[in-house]
Amino acid sequence: MKPAIYDISAAVDKDLLRAEVRDDLTVMVAGQGGDGSLTIIALLSKALLHRGYHIYRTSDIASRIKGGHAAALMRASTKPRGNLGDQIDILIAFDLEAVQKASNRLAPNSIVIFDSSREAMPPDLVPETALMIPVPFSRLSVRDLRRDLFKNSLGFGLLGRIIGLADKEVESCLRKHFKKLSSAQLEPNIKALREGQAFADKAGISGRNSILTLPAQAVENERIFISGNHAAAMGFMAAGGRFFAGYPITPATDVMNFLERNLPAVGGVVMQAEDELASINLVIGAALTGVRAMTASSGPGIALMLESIGHCGSAEIPIVIIDCQRAGPSTGMPTKPEQSDINMVTRGGNGDYPHIVLTPGDPEECFYGSILATNIAQRAQCPVILALDAVCHDNFTVPRFDLERARIYPGKRVTESDVAQMEEYRRYAITEDGISPWAVPGTRDAMNLVTGNERNEWGLVTTEPDMRVAMVDKRSRKIETVRPLLPKAVEWGDVNSPLGILGVGILGGVMTEAAERLAEQGLHFHCHRPRTLWPVLEDTIDFVNSHERVYVVEQSEGAQLAGLLKSEGARADKIVSILKYDGLQFSTAELVATIVEKERLA
Amino acid sequence: MKPAIYDISAAVDKDLLRAEVRDDLTVMVAGQGGDGSLTIIALLSKALLHRGYHIYRTSDIASRIKGGHAAALMRASTKPRGNLGDQIDILIAFDLEAVQKASNRLAPNSIVIFDSSREAMPPDLVPETALMIPVPFSRLSVRDLRRDLFKNSLGFGLLGRIIGLADKEVESCLRKHFKKLSSAQLEPNIKALREGQAFADKAGISGRNSILTLPAQAVENERIFISGNHAAAMGFMAAGGRFFAGYPITPATDVMNFLERNLPAVGGVVMQAEDELASINLVIGAALTGVRAMTASSGPGIALMLESIGHCGSAEIPIVIIDCQRAGPSTGMPTKPEQSDINMVTRGGNGDYPHIVLTPGDPEECFYGSILATNIAQRAQCPVILALDAVCHDNFTVPRFDLERARIYPGKRVTESDVAQMEEYRRYAITEDGISPWAVPGTRDAMNLVTGNERNEWGLVTTEPDMRVAMVDKRSRKIETVRPLLPKAVEWGDVNSPLGILGVGILGGVMTEAAERLAEQGLHFHCHRPRTLWPVLEDTIDFVNSHERVYVVEQSEGAQLAGLLKSEGARADKIVSILKYDGLQFSTAELVATIVEKERLA
Amino acid sequence: MTKTYEIRKPIWCAGCGHFGVQGAIQYALQAAGIELHETLVLAGIGCSGTVQNNIGAYGYHAMHGRVLPTAIGVSLANPDLTVIAAGGDGDGYAIGGGHLMHALKRNANLLYVVMNNGVYGLTKGQDSPTAKTPLAAPEEDPLDAMMLGLSIRSTTFLARAITTRSDQLNELMLMGLQHSREGKGMAFIEVLSPCVTYDDTYSQWMNKVYDLDADPDYRNDDRGKAFFDLNRLIEQSLIPIGLIYHGEHASLQSAMLSDVTPFHSLEDQHAGHFNQHMEEVLSAYAV
Amino acid sequence: MTKTYEIRKPIWCAGCGHFGVQGAIQYALQAAGIELHETLVLAGIGCSGTVQNNIGAYGYHAMHGRVLPTAIGVSLANPDLTVIAAGGDGDGYAIGGGHLMHALKRNANLLYVVMNNGVYGLTKGQDSPTAKTPLAAPEEDPLDAMMLGLSIRSTTFLARAITTRSDQLNELMLMGLQHSREGKGMAFIEVLSPCVTYDDTYSQWMNKVYDLDADPDYRNDDRGKAFFDLNRLIEQSLIPIGLIYHGEHASLQSAMLSDVTPFHSLEDQHAGHFNQHMEEVLSAYAV
Ligand SMILES: Cc1ncc(C[n+]2csc(CCOP(=O)(O)OP(=O)(O)O)c2C)c(N)n1
Ligand SMILES: Cc1ncc(C[n+]2csc(CCOP(=O)(O)OP(=O)(O)O)c2C)c(N)n1
Ligand code: SF4
Ligand code: SF4
Ligand SMILES: [Mg+2]
Ligand SMILES: [Mg+2]
């Protein structure tokens with residue numbers, strides 16, 4: 001190692017090395033796909049998770065192959081926050097595009113580490129008051145074959161020093177992260193980490209003399225760090241889910257990946273189908289036998305499944321479907337978040353069919369919501385959809401899931417011995433609660449027919465008007481039967497305020513923070529986050545109608561959530577829509593500013 | 001011909017042979033699929049059309065193969081009526097099931113002609129005051145090989161006598177109807193017709209001494225008799241439609257059949273695809289070249305097309321889609337009418353996509369609506385859906401279509417010479433009216449890209465937030481641009497009444513008649529039939545909100561139309577839903593009774 | 001005995017080929033001694049897609065074209081069931097063509113019976129992919145699903161029968177059923193089953209069939225040669241029938257289920273059963 | 001000259017096979033002297049599905065799996081255009097498998113190029129239907145689209161190339177393009193186009209290809225024998241490349257468009273043009 005390479009760094013102004021204490025920090029690392037931005041953020045997240053912080057991690061990547069621009073972002077905070085801070089406190093930029101993308105979000109006192117071996121930095125991209133740390137990443141990395149790993153480790157070494165992590169802490173983090181590498185593979189990374197630290201030394205940044213510091217926090221409960229997709233897949237397993245079929249699609253593929261790794265060990269089957277029509281029908285086949293079965297996809301794939309979803313509603317087949325919503329319409333922007341499949345998942349198919357749609361707000365709700373979905377599908381013998389938004393791919397710190405709370409409710413299943421007691425067995429018996437006892441194929445003497453045509457109680461096709469009405473009404477009744485089990489909205493904020501904010505899914509975090517800040521400005525809001533999208537629950541309609549003005553915040557140009565609420569009785573004159581559809585997430589500052597402006601005009 | 005066979009008929013009471021004048025007559029003919037019920041009604045319709053009556057013809061058939069029960073129904077009236085009378089005046093029943101099905105709709109003074117060679121008639125099926133005419137159709141028909149033709153002609157001969165048609169009139173009708181038969185094939189039919197007349201003779205029913213009579217009516221304008229499917233297909237052709245691809249499905253297949261017969265002669269192409277996904281993508285391919293292209297399907301097939309419909313909305317590809325709605329969900333009841341795809345066609349796909357949905361109320365509107373749809377798709381470069389209900393298969397008397405009114409508006413197309421004048425050509429240019437000038441492939445120097453990913457003005461994929469927003473907004477603007485061209489609702493009835501009735505499509509007829517009768521009872525209503533479903537037009541929302549109470553009548557369990565109106569601003573507290581989902585059409589009596597009852601409780 | 005649904009009388013037109021197919025399925029179930037309650041008959045949509053109502057087993061009416069993925073789902077989720085998928089040529093070769101290709105590739109343990117009549121019966125007589133001279137494009141050649149089956153390397157049982165030769169039909173149906181029951185994979189049987197109402201091909205087909213089972217030179221265990229011979233016969237406007245190919249290949253079940261616990265009985269699904277595994281999975285996310 | 005879109009630089013990983021495919025398409029267009037504005041390149045969704053941005057012709061990005069029906073629609077609606085459809089093995093053989101089968105059967109005048117890399121590149125490396133040993137069911141055999149093509153009787157041009165042999169690739173691409181341009185029907189070319197990022201098969205494939213063009217005994221005009229020979233080669237774990245089949249069959253255009261007026265130019269579409277026909281059609285409904 002030639003010491004010459006360190007000459008490139010200039011010493012940092014001593015005044016800055018005050019180890020300023022932070023309880024909230026947003027970091028972005030960005031560059032080309034191969035630059036390893038995601039790894040640095042992953043390493044940093046781990047380190048700060050160990051220090052007891054709540055982490056929210058997200059990314060902003062191009063939907064194109066390896067390469068393309070990729071940004072990874074992370075927020076560490078003492079309070080749980082399901083979103084990024086308004087401003088970026090630290091940026092590691094591997095190219096100019098990264099700086100351009102971050103430019104208008106950089107905090108005045110931000111720290112910008114940039115690759116000085118590439119293009120020159122044009123003026124005005126970075127606040128004058130920011131601390132610039134040029135690092136010749138590319139020049140340094142040509143020395144190493146595994147370029148990205150090298151950049152990762154070097155960048156992480158430097159970053160650790162800047163935020164006051166101990167070198168030991170940083171190294172152990174790196175070793176854990178790369179635990180699958182052979183020691184020969186690991187070695188250059190450790191070397192690169194040290195180079196990063198040596199680079200910091202040269203700049204005068206040491207363990208004591210760090211720029212920032214994030215003191216260790218006391219942690220009371222066990223926590224995990226997980227994405228919504230993984231949490232939902234885990235919930236499905238915990239609720240007895242044993243069959244999954246899917247077809248790759250961003251951002252849903254992760255569900256399949258998770259289950260491919262974990263389901264076979266408990267006797268489950270995961271199949272990659274030839275398309276979405278096959279996926280959902282494989283799932284239907286499994287479900288017909290009584291096995292709990294699920295598929296997952298995103299907008300375009302779910303659109304292809306609508307005939308089948310309606311069919312399950314009609315034929316009373318319990319399946320679970322995850323829709324990882326992404327920006328539409330059509331192929332749209334596959335890696336960008338949106339909440340614009342609400343119309344489709346609630347009312348997209350042909351005819352009137354019973355089904356349920358839940359929309360969890362964080363990975364914890366994804367886990368328990370998926371358990372509920374899996375159980376309630378059996379209970380109501382109908383399709384249940386989990387509509388996820390950016391929560392599907394973003395990672396959150398949440399309390400460790402309580403597997404004890406995962407129960408498996410069999411629903412109205414009848415066994416061979418039950419059947420033996422019955423004089424007759426009718427699969428579609430008209431019942432008061434709308435749910436017909438169900439004997440699966442293989443049960444002696446309970447042979448029955450299942451069809452998506454209208455039918456009589458035995459499952460024989462009919463168009464007899466009275467039977468038709470009786471069947472439709474029965475199917476509606478079961479939704480009423482399970483309605484009390486559906487998750488109510490979460491409410492918080494000022495219960496006495498005539499003003500409300502309403503939004504679903506991942507917007508819970510930004511709504512919370514916005515409401516806090518608005519309260520500081522004297523604007524008090526009552527907040528409401530529905531967790532059941534279909535049927536729309538009374539509490540949500542009541543919320544809208546009992547306030548003077550409700551801001552319905554959503555990621556859809558068509559104001560789909562507001563439309564849904566109105567169609568179920570929410571008063572149009574109460575609703576003020578705040579819409580976002582530029583492919584980015586809401587920021588707190590943006591939401592606050594919009595509401596303040598609208599309140600001023602109201 | 002042995003005269004013996006006539007002995008079977010008994011003479012009709014002379015008192016009944018008063019040739020009572022009728023201005024409104026509902027006739028039903030029913031039996032097994034092969035019995036030829038549809039032919040008798042077709043013949044009768046023709047005869048009464050010639051007499052100048054307005055005819056509405058419908059059928060009620062099992063969705064299963066040849067055979068299965070089939071009923072054909074017809075109403076002849078001096079006023080145009082888009083629905084059946086409340087009661088059946090004449091029934092020809094080829095089997096007991098036919099009588100059972102008609103039983104509770106038989107007028108007290110109805111005439112029931114039934115096949116006396118089959119099962120005995122159980123008591124209480126027919127009003128005591130009805131005139132029963134037993135005819136041993138089956139026994140007679142064994143003598144003839146073409147059993148159904150025989151029954152047709154015999155039945156029609158008898159029927160003609162009963163309603164006072166001249167024998168000559170009846171025979172010329174028959175000859176015209178069977179004009180494609182060879183004279184050897186025709187002969188037995190004429191014989192059978194004569195047998196029917198001879199049978200009438202025996203019963204004492206002759207030209208003068210008929211039971212009923214429908215005097216010839218003066219006809220002012222040229223009229224045609226046509227179904228909504230044929231009218232819509234014709235409109236498409238008239239508006240320059242030249243490419244159709246479809247996949248068979250009840251009740252949409254007729255559109256394909258019509259175009260297969262008529263489109264090739266003007267250089268058009270009709271393709272039967274391997275499935276609905278292929279159909280709509282074949283259509284997209286044709287549309288990409290600038291050719292006007294259409295597909296047609298019903299609920300399950302349209303569900304499969306939703307990804308593609310949203311894609312056309314995004315990628316700005318003009319296509320026309322006909323949805324012949326049938327009772328859902330899933331396969332549902334393929335031959336039964338419903339209006340329960342409203343949610344799907346207005347908001348079924350993923351993401352927010354611009355498109356237009358029209359819902360014509362009779363074949364005349366189908367024709368002009370289809371012209372409009374075909375033109376407006378080009379104008380707005382987006383998908384346009386025609387949502388048909390039972391209007392698709394029912395036949396109506398309507399004024400002869402005015403082909404002169406069919407115009408072909410090319411929209412913002414640019415040719416090679418236009419392009420040559422341009423400095424640059426951008427397919428997705430951001431324009432004020434939201435519509436970008438369009439040069440189709442083959443145009444020199446105008447090469448451009450079309451994609452369902454978000455894109456820049458050249459069609460190159462992008463996720464740049466500002467461009468994204470500009471593109472979404474542009475697409476929304478074009479709907480505003482064409483909004484003034486969209487058909488407004490039809491309104492009639494008492495404009496001063498605080499009470500309204502609102503419904504779409506084929507319900508116009510029953511609403512009209514119901515309002516007339518309610519007015520007779522002192523209940524005055526203002527009626528409103530929207531013809532554009534998406535976007536929901538202001539006039540419709542205003543209608544609801546400016547009345548005290550509006551009955552929204554629809555064929556959907558889920559009150560989809562009411563939900564749609566509410567989601568766009570109609571006040572929930574104004575709306576009283578009247579829903580029907582038993583697979584039958586609304587009858588006037590039923591609608592009147594429901595409204596009277598609800599008004600009583602209001 | 002508990003009363004269940006009344007087995008429906010077929011609603012097909014008199015003379016429809018589908019009667020024979022139903023008869024063969026019933027024959028095979030009985031001859032193989034398979035109990036009806038352990039059998040699930042899945043059918044597509046079409047005239048053919050009503051066969052499940054007439055047999056007395058468990059029945060499922062799939063969406064149009066989707067009977068194969070559904071049947072595979074069943075066969076994986078409960079390998080103890082006898083799985084019979086049936087449908088028309090429109091259902092199986094047009095809208096379901098992609099699934100057929102992949103089902104043949106997967107080789108799951110199930111019997112798939114296509115009632116090929118060259119038309120869409122239920123929708124009133126449009127041309128199917130096997131129509132001789134399609135109206136729209138009269139020069140298009142009909143699809144031969146046996147050739148297609150041969151082109152996919154993991155197929156293990158391909159046969160074609162005609163309803164007019166019921167002995168052969170019954171025998172092939174039984175063989176196919178046993179093939180799938182014995183875990184050897186998917187048996188695909190196409191039956192020439194004329195539609196008397198929309199395209200009565202009885203005499204035409206009866207004159208054209210060529211019985212490979214009766215040809216001592218035909219080798220149904222040689223994929224390459226079988227294709228070669230079929231191609232020659234087709235070029236002579238003949239329709240090859242009989243056991244067209246019979247080979248060995250791992251079934252989907254053997255590939256996917258070999259090491260796993262069966263999970264199809266309700267009893268297996270109680271919480272706690274797999275808690276240890278779940279705890280391990282969860283721990284990977286621990287902070 | 002009017003400025004149009006800036007031809008995009010490929011966004012593929014360095015070393016991706018797709019570069020070679022693009023090069024061959026460009027070569028063929030140029031060698032055949034076809035103007036870019038008369039060409040529409042339709043592509044599926046996948047890494048492969050970005051090729052249309054890099055050529056300078058009109059480009060269309062189809063929905064995943066739907067490139068073939070779209071391309072057929074184009075080729076019927078404007079027979080003067082040169083229609084090139086391209087996509088990945090996932091796009092063409094998985095979700096698009098049913099359409100492929102029917103497109104081969106229809107034989108429309110177009111060139112279809114599949115970039116086969118055995119994986120779903122864009123979605124990060126899942127197994128495609130041509131994957132050697134699929135993760136989910138390792139004993140499943142990969143799909144061979146050339147065999148499939150042979151099994152459908154109206155195919156007229158089937159070829160496979162590998163990006164590492166660019167002369168042969170270019171030559172086949174040009175032949176295929178000309179085949180379709182000359183109205184002989186659909187040319188289907190599969191190119192072995194390795195994905196260096198998710199499954200680098202370069203050396204494996206280079207060692208396994210067997211060049212039929214160089215085999216004097218191979219008869220690419222004999223469907224039955226071609227299948228027989230391919231089957232043998234595949235059983236030896238070889239990958240046959242070259243012009244696999246070249247035959248004659250009426251194209252979809254010749255079957256459907258022979259007697260009709262072309263209707264693709266805007267000028268033809270004015271009201272009045274076909275008024276007489278419309279009056280006749282309408283009169284059939286007159287009362
Ligand atoms: C998605 C969808 N598209 C179309 C239909 C209409 N449809 C019902 S049966 C059928 C074809 C039946 O033909 P085939 O499968 O050959 O069966 P057959 O009646 O000849 O036995 C079609 C197109 C449908 N039910 N669903
Ligand atoms: C309906 C739908 N399902 C899934 C996807 C996600 N998707 C995009 S590309 C792709 C597969 C790409 O693989 P391939 O066609 O082999 O192309 P390659 O990237 O390997 O060139 C998939 C599954 C999609 N865009 N649309
Ligand atoms: S229509 Fe044809 S296929 Fe259908 S039942 Fe009748 S004969 Fe059979
Ligand atoms: S991921 Fe694979 S297929 Fe995609 S561009 Fe890279 S090498 Fe090519
Ligand atoms: Mg058929
Ligand atoms: Mg691929």
# chains A, B, ... in the order shown; residues from 1 in each chain; ligands from 1
$ closest_atom_pairs --of "chain D" --to "chain C" --cutoff "10 Å" --atoms "only C-alpha atoms" --output "JSON lines"
{"residue": "D:Tyr93", "atom": "CA", "partner": "C:Gly98", "partner_atom": "CA", "distance": 8.5}
{"residue": "D:Ala94", "atom": "CA", "partner": "C:Gly98", "partner_atom": "CA", "distance": 7.7}
{"residue": "D:Ile95", "atom": "CA", "partner": "C:Gly98", "partner_atom": "CA", "distance": 7.5}
{"residue": "D:Gly96", "atom": "CA", "partner": "C:Gly98", "partner_atom": "CA", "distance": 7.3}
{"residue": "D:Gly97", "atom": "CA", "partner": "C:Gly98", "partner_atom": "CA", "distance": 4.8}
{"residue": "D:Gly98", "atom": "CA", "partner": "C:Gly98", "partner_atom": "CA", "distance": 3.6}
{"residue": "D:His99", "atom": "CA", "partner": "C:Gly98", "partner_atom": "CA", "distance": 7.3}
{"residue": "D:Leu100", "atom": "CA", "partner": "C:Gly98", "partner_atom": "CA", "distance": 8.4}
{"residue": "D:Met101", "atom": "CA", "partner": "C:Gly97", "partner_atom": "CA", "distance": 7.4}
{"residue": "D:His102", "atom": "CA", "partner": "C:Ala94", "partner_atom": "CA", "distance": 8.0}
{"residue": "D:Lys105", "atom": "CA", "partner": "C:Glu140", "partner_atom": "CA", "distance": 6.8}
{"residue": "D:Arg106", "atom": "CA", "partner": "C:Glu140", "partner_atom": "CA", "distance": 6.2}
{"residue": "D:Asn107", "atom": "CA", "partner": "C:Glu140", "partner_atom": "CA", "distance": 8.2}
{"residue": "D:Pro129", "atom": "CA", "partner": "C:His102", "partner_atom": "CA", "distance": 8.4}
{"residue": "D:Leu135", "atom": "CA", "partner": "C:Met256", "partner_atom": "CA", "distance": 9.9}
{"residue": "D:Ala136", "atom": "CA", "partner": "C:Met256", "partner_atom": "CA", "distance": 6.9}
{"residue": "D:Ala137", "atom": "CA", "partner": "C:Ala255", "partner_atom": "CA", "distance": 5.3}
{"residue": "D:Pro138", "atom": "CA", "partner": "C:Ala255", "partner_atom": "CA", "distance": 6.6}
{"residue": "D:Glu139", "atom": "CA", "partner": "C:Ala255", "partner_atom": "CA", "distance": 6.0}
{"residue": "D:Glu140", "atom": "CA", "partner": "C:Arg106", "partner_atom": "CA", "distance": 6.2}
{"residue": "D:Asp141", "atom": "CA", "partner": "C:Ser154", "partner_atom": "CA", "distance": 6.0}
{"residue": "D:Pro142", "atom": "CA", "partner": "C:Arg153", "partner_atom": "CA", "distance": 7.9}
{"residue": "D:Leu143", "atom": "CA", "partner": "C:Ile152", "partner_atom": "CA", "distance": 6.5}
{"residue": "D:Asp144", "atom": "CA", "partner": "C:Ile152", "partner_atom": "CA", "distance": 7.2}
{"residue": "D:Ala145", "atom": "CA", "partner": "C:Ser151", "partner_atom": "CA", "distance": 8.5}
{"residue": "D:Met146", "atom": "CA", "partner": "C:Ser151", "partner_atom": "CA", "distance": 8.6}
{"residue": "D:Met147", "atom": "CA", "partner": "C:Ser151", "partner_atom": "CA", "distance": 5.1}
{"residue": "D:Leu148", "atom": "CA", "partner": "C:Ser151", "partner_atom": "CA", "distance": 5.2}
{"residue": "D:Gly149", "atom": "CA", "partner": "C:Ser151", "partner_atom": "CA", "distance": 8.4}
{"residue": "D:Leu150", "atom": "CA", "partner": "C:Ser151", "partner_atom": "CA", "distance": 7.7}
{"residue": "D:Ser151", "atom": "CA", "partner": "C:Met147", "partner_atom": "CA", "distance": 5.0}
{"residue": "D:Ile152", "atom": "CA", "partner": "C:Leu143", "partner_atom": "CA", "distance": 6.5}
{"residue": "D:Arg153", "atom": "CA", "partner": "C:Asp141", "partner_atom": "CA", "distance": 6.4}
{"residue": "D:Ser154", "atom": "CA", "partner": "C:Asp141", "partner_atom": "CA", "distance": 6.0}
{"residue": "D:Thr155", "atom": "CA", "partner": "C:Asp141", "partner_atom": "CA", "distance": 9.7}
{"residue": "D:Asp222", "atom": "CA", "partner": "C:Phe228", "partner_atom": "CA", "distance": 9.6}
{"residue": "D:Arg223", "atom": "CA", "partner": "C:Asn231", "partner_atom": "CA", "distance": 7.6}
{"residue": "D:Gly224", "atom": "CA", "partner": "C:Phe228", "partner_atom": "CA", "distance": 4.2}
{"residue": "D:Lys225", "atom": "CA", "partner": "C:Phe228", "partner_atom": "CA", "distance": 6.2}
{"residue": "D:Ala226", "atom": "CA", "partner": "C:Phe228", "partner_atom": "CA", "distance": 8.7}
{"residue": "D:Phe227", "atom": "CA", "partner": "C:Gly224", "partner_atom": "CA", "distance": 6.3}
{"residue": "D:Phe228", "atom": "CA", "partner": "C:Gly224", "partner_atom": "CA", "distance": 4.2}
{"residue": "D:Asp229", "atom": "CA", "partner": "C:Gly224", "partner_atom": "CA", "distance": 7.5}
{"residue": "D:Leu230", "atom": "CA", "partner": "C:Gly224", "partner_atom": "CA", "distance": 8.2}
{"residue": "D:Asn231", "atom": "CA", "partner": "C:Gly224", "partner_atom": "CA", "distance": 5.8}
{"residue": "D:Arg232", "atom": "CA", "partner": "C:Gly224", "partner_atom": "CA", "distance": 7.3}
{"residue": "D:Ile234", "atom": "CA", "partner": "C:Arg153", "partner_atom": "CA", "distance": 9.5}
{"residue": "D:Glu235", "atom": "CA", "partner": "C:Arg153", "partner_atom": "CA", "distance": 9.5}
{"residue": "D:His249", "atom": "CA", "partner": "C:Glu139", "partner_atom": "CA", "distance": 8.3}
{"residue": "D:Ala250", "atom": "CA", "partner": "C:Glu139", "partner_atom": "CA", "distance": 6.4}
{"residue": "D:Ser251", "atom": "CA", "partner": "C:Glu139", "partner_atom": "CA", "distance": 8.2}
{"residue": "D:Leu252", "atom": "CA", "partner": "C:Ala137", "partner_atom": "CA", "distance": 6.7}
{"residue": "D:Gln253", "atom": "CA", "partner": "C:Ala137", "partner_atom": "CA", "distance": 8.9}
{"residue": "D:Ser254", "atom": "CA", "partner": "C:Glu139", "partner_atom": "CA", "distance": 8.8}
{"residue": "D:Ala255", "atom": "CA", "partner": "C:Ala137", "partner_atom": "CA", "distance": 5.3}
{"residue": "D:Met256", "atom": "CA", "partner": "C:Ala137", "partner_atom": "CA", "distance": 5.7}
{"residue": "D:Leu257", "atom": "CA", "partner": "C:Ala137", "partner_atom": "CA", "distance": 9.5}
$ closest_atom_pairs --of "chain A" --to "chain D" --cutoff "10 Å" --atoms "only C-alpha atoms" --output "CSV"
residue,atom,partner,partner_atom,distance
A:Ser63,CA,D:Leu122,CA,7.8
A:Arg64,CA,D:Leu122,CA,6.3
A:Ile65,CA,D:Leu122,CA,5.2
A:Lys66,CA,D:Cys13,CA,6.4
A:Gly67,CA,D:Cys13,CA,7.1
A:Gly68,CA,D:Ile11,CA,7.6
A:Tyr247,CA,D:Ile95,CA,9.1
A:Pro248,CA,D:Thr123,CA,6.4
A:Ile249,CA,D:Thr123,CA,6.4
A:Thr250,CA,D:Thr123,CA,6.7
A:Pro251,CA,D:Thr123,CA,9.2
A:Thr253,CA,D:Thr123,CA,7.9
A:Asn257,CA,D:Gln126,CA,9.5
A:Glu260,CA,D:Ala136,CA,8.2
A:Val269,CA,D:Ala136,CA,9.2
A:Val270,CA,D:Ala136,CA,7.4
A:Met271,CA,D:Ala136,CA,6.4
A:Gln272,CA,D:Ala136,CA,7.0
A:Ala273,CA,D:Ala94,CA,8.2
A:Glu274,CA,D:Ala94,CA,4.6
A:Asp275,CA,D:Ile95,CA,4.6
A:Glu276,CA,D:Ile95,CA,7.9
A:Leu277,CA,D:Ile95,CA,8.8
A:Ala278,CA,D:Ile95,CA,9.1
A:Pro300,CA,D:Met63,CA,8.9
A:Gly301,CA,D:His64,CA,9.6
A:Ser330,CA,D:Met63,CA,8.0
A:Thr331,CA,D:Met63,CA,7.4
$ residues_around --residues "segment 99-103 of chain B" --least-positions-apart "2" --cutoff "12 Å" --atoms "only C-alpha atoms" --output "PyMOL selection string"
(chain A and resi 464-465) or (chain B and resi 26-31+60-61+69-73+86-97+105-108+110-115+119-128+130+132+584)
$ interface_residues --of "chain A" --to "chain B" --cutoff "6 Å" --atoms "only C-alpha atoms" --output "NGL selection string"
:A and (299-300 or 303-304 or 306-307 or 310-311 or 314 or 328-332 or 340-341 or 343-344 or 347-353 or 452-454 or 465 or 468-469 or 558 or 563 or 566-567 or 569 or 572 or 582)
$ closest_residue --among "A:Arg400, A:Arg261, A:His177, A:Arg208" --to "Val287 of chain C" --atoms "only C-alpha atoms"
A:Arg400
$ select_by_dssp --residues "segment 54-248 of chain C" --states "alpha helix (DSSP H)" --output "ChimeraX atom specification"
/C:67-77,89,97-106,145-151,166-181,202-208,223-235
$ select_by_dssp --residues "segment 94-268 of chain D" --states "strand (DSSP E)" --output "ChimeraX atom specification"
/D:111-116,119-120,126-127,157-162,187-192,209-211,239-246
$ closest_residue --among "B:Leu84, B:Ile430, B:Ala252, B:Ile319" --to "ligand 1" --atoms "only C-alpha atoms and all ligand atoms"
B:Ala252
$ atom_distance --atom1 "atom CA of Asn229 of chain A" --atom2 "atom CA of Gln276 of chain C"
21.3 Å
$ residues_around --residues "Lys46 of chain A" --least-positions-apart "2" --cutoff "10 Å" --atoms "only C-alpha atoms" --output "PyMOL selection string"
(chain A and resi 40-44+48-53+55+170+173-174+176-177+225) or (chain C and resi 287)
$ closest_residue --among "C:Gly88, C:Gly73, C:Gly183, C:Gly23" --to "ligand 1" --atoms "only C-alpha atoms and all ligand atoms"
C:Gly88
$ residues_around --residues "Val482 of chain A" --least-positions-apart "5" --cutoff "8 Å" --atoms "only C-alpha atoms" --output "CSV table (one decimal) with C-alpha atoms, in the first residue's frame"
chain,number,residue,atom,x,y,z
A,376,ILE,CA,-59.9,-14.8,6.7
A,379,ARG,CA,-63.0,-18.1,6.9
A,380,ALA,CA,-64.9,-16.3,4.2
$ closest_residue --among "C:Cys195, C:Ala103, C:Ala108, C:Val83" --to "ligand 1" --atoms "only C-alpha atoms and all ligand atoms"
C:Cys195
$ residues_around --residues "Leu158 of chain D" --least-positions-apart "3" --cutoff "7 Å" --atoms "only C-alpha atoms" --output "ChimeraX atom specification"
/D:146,149,187-189,243-246
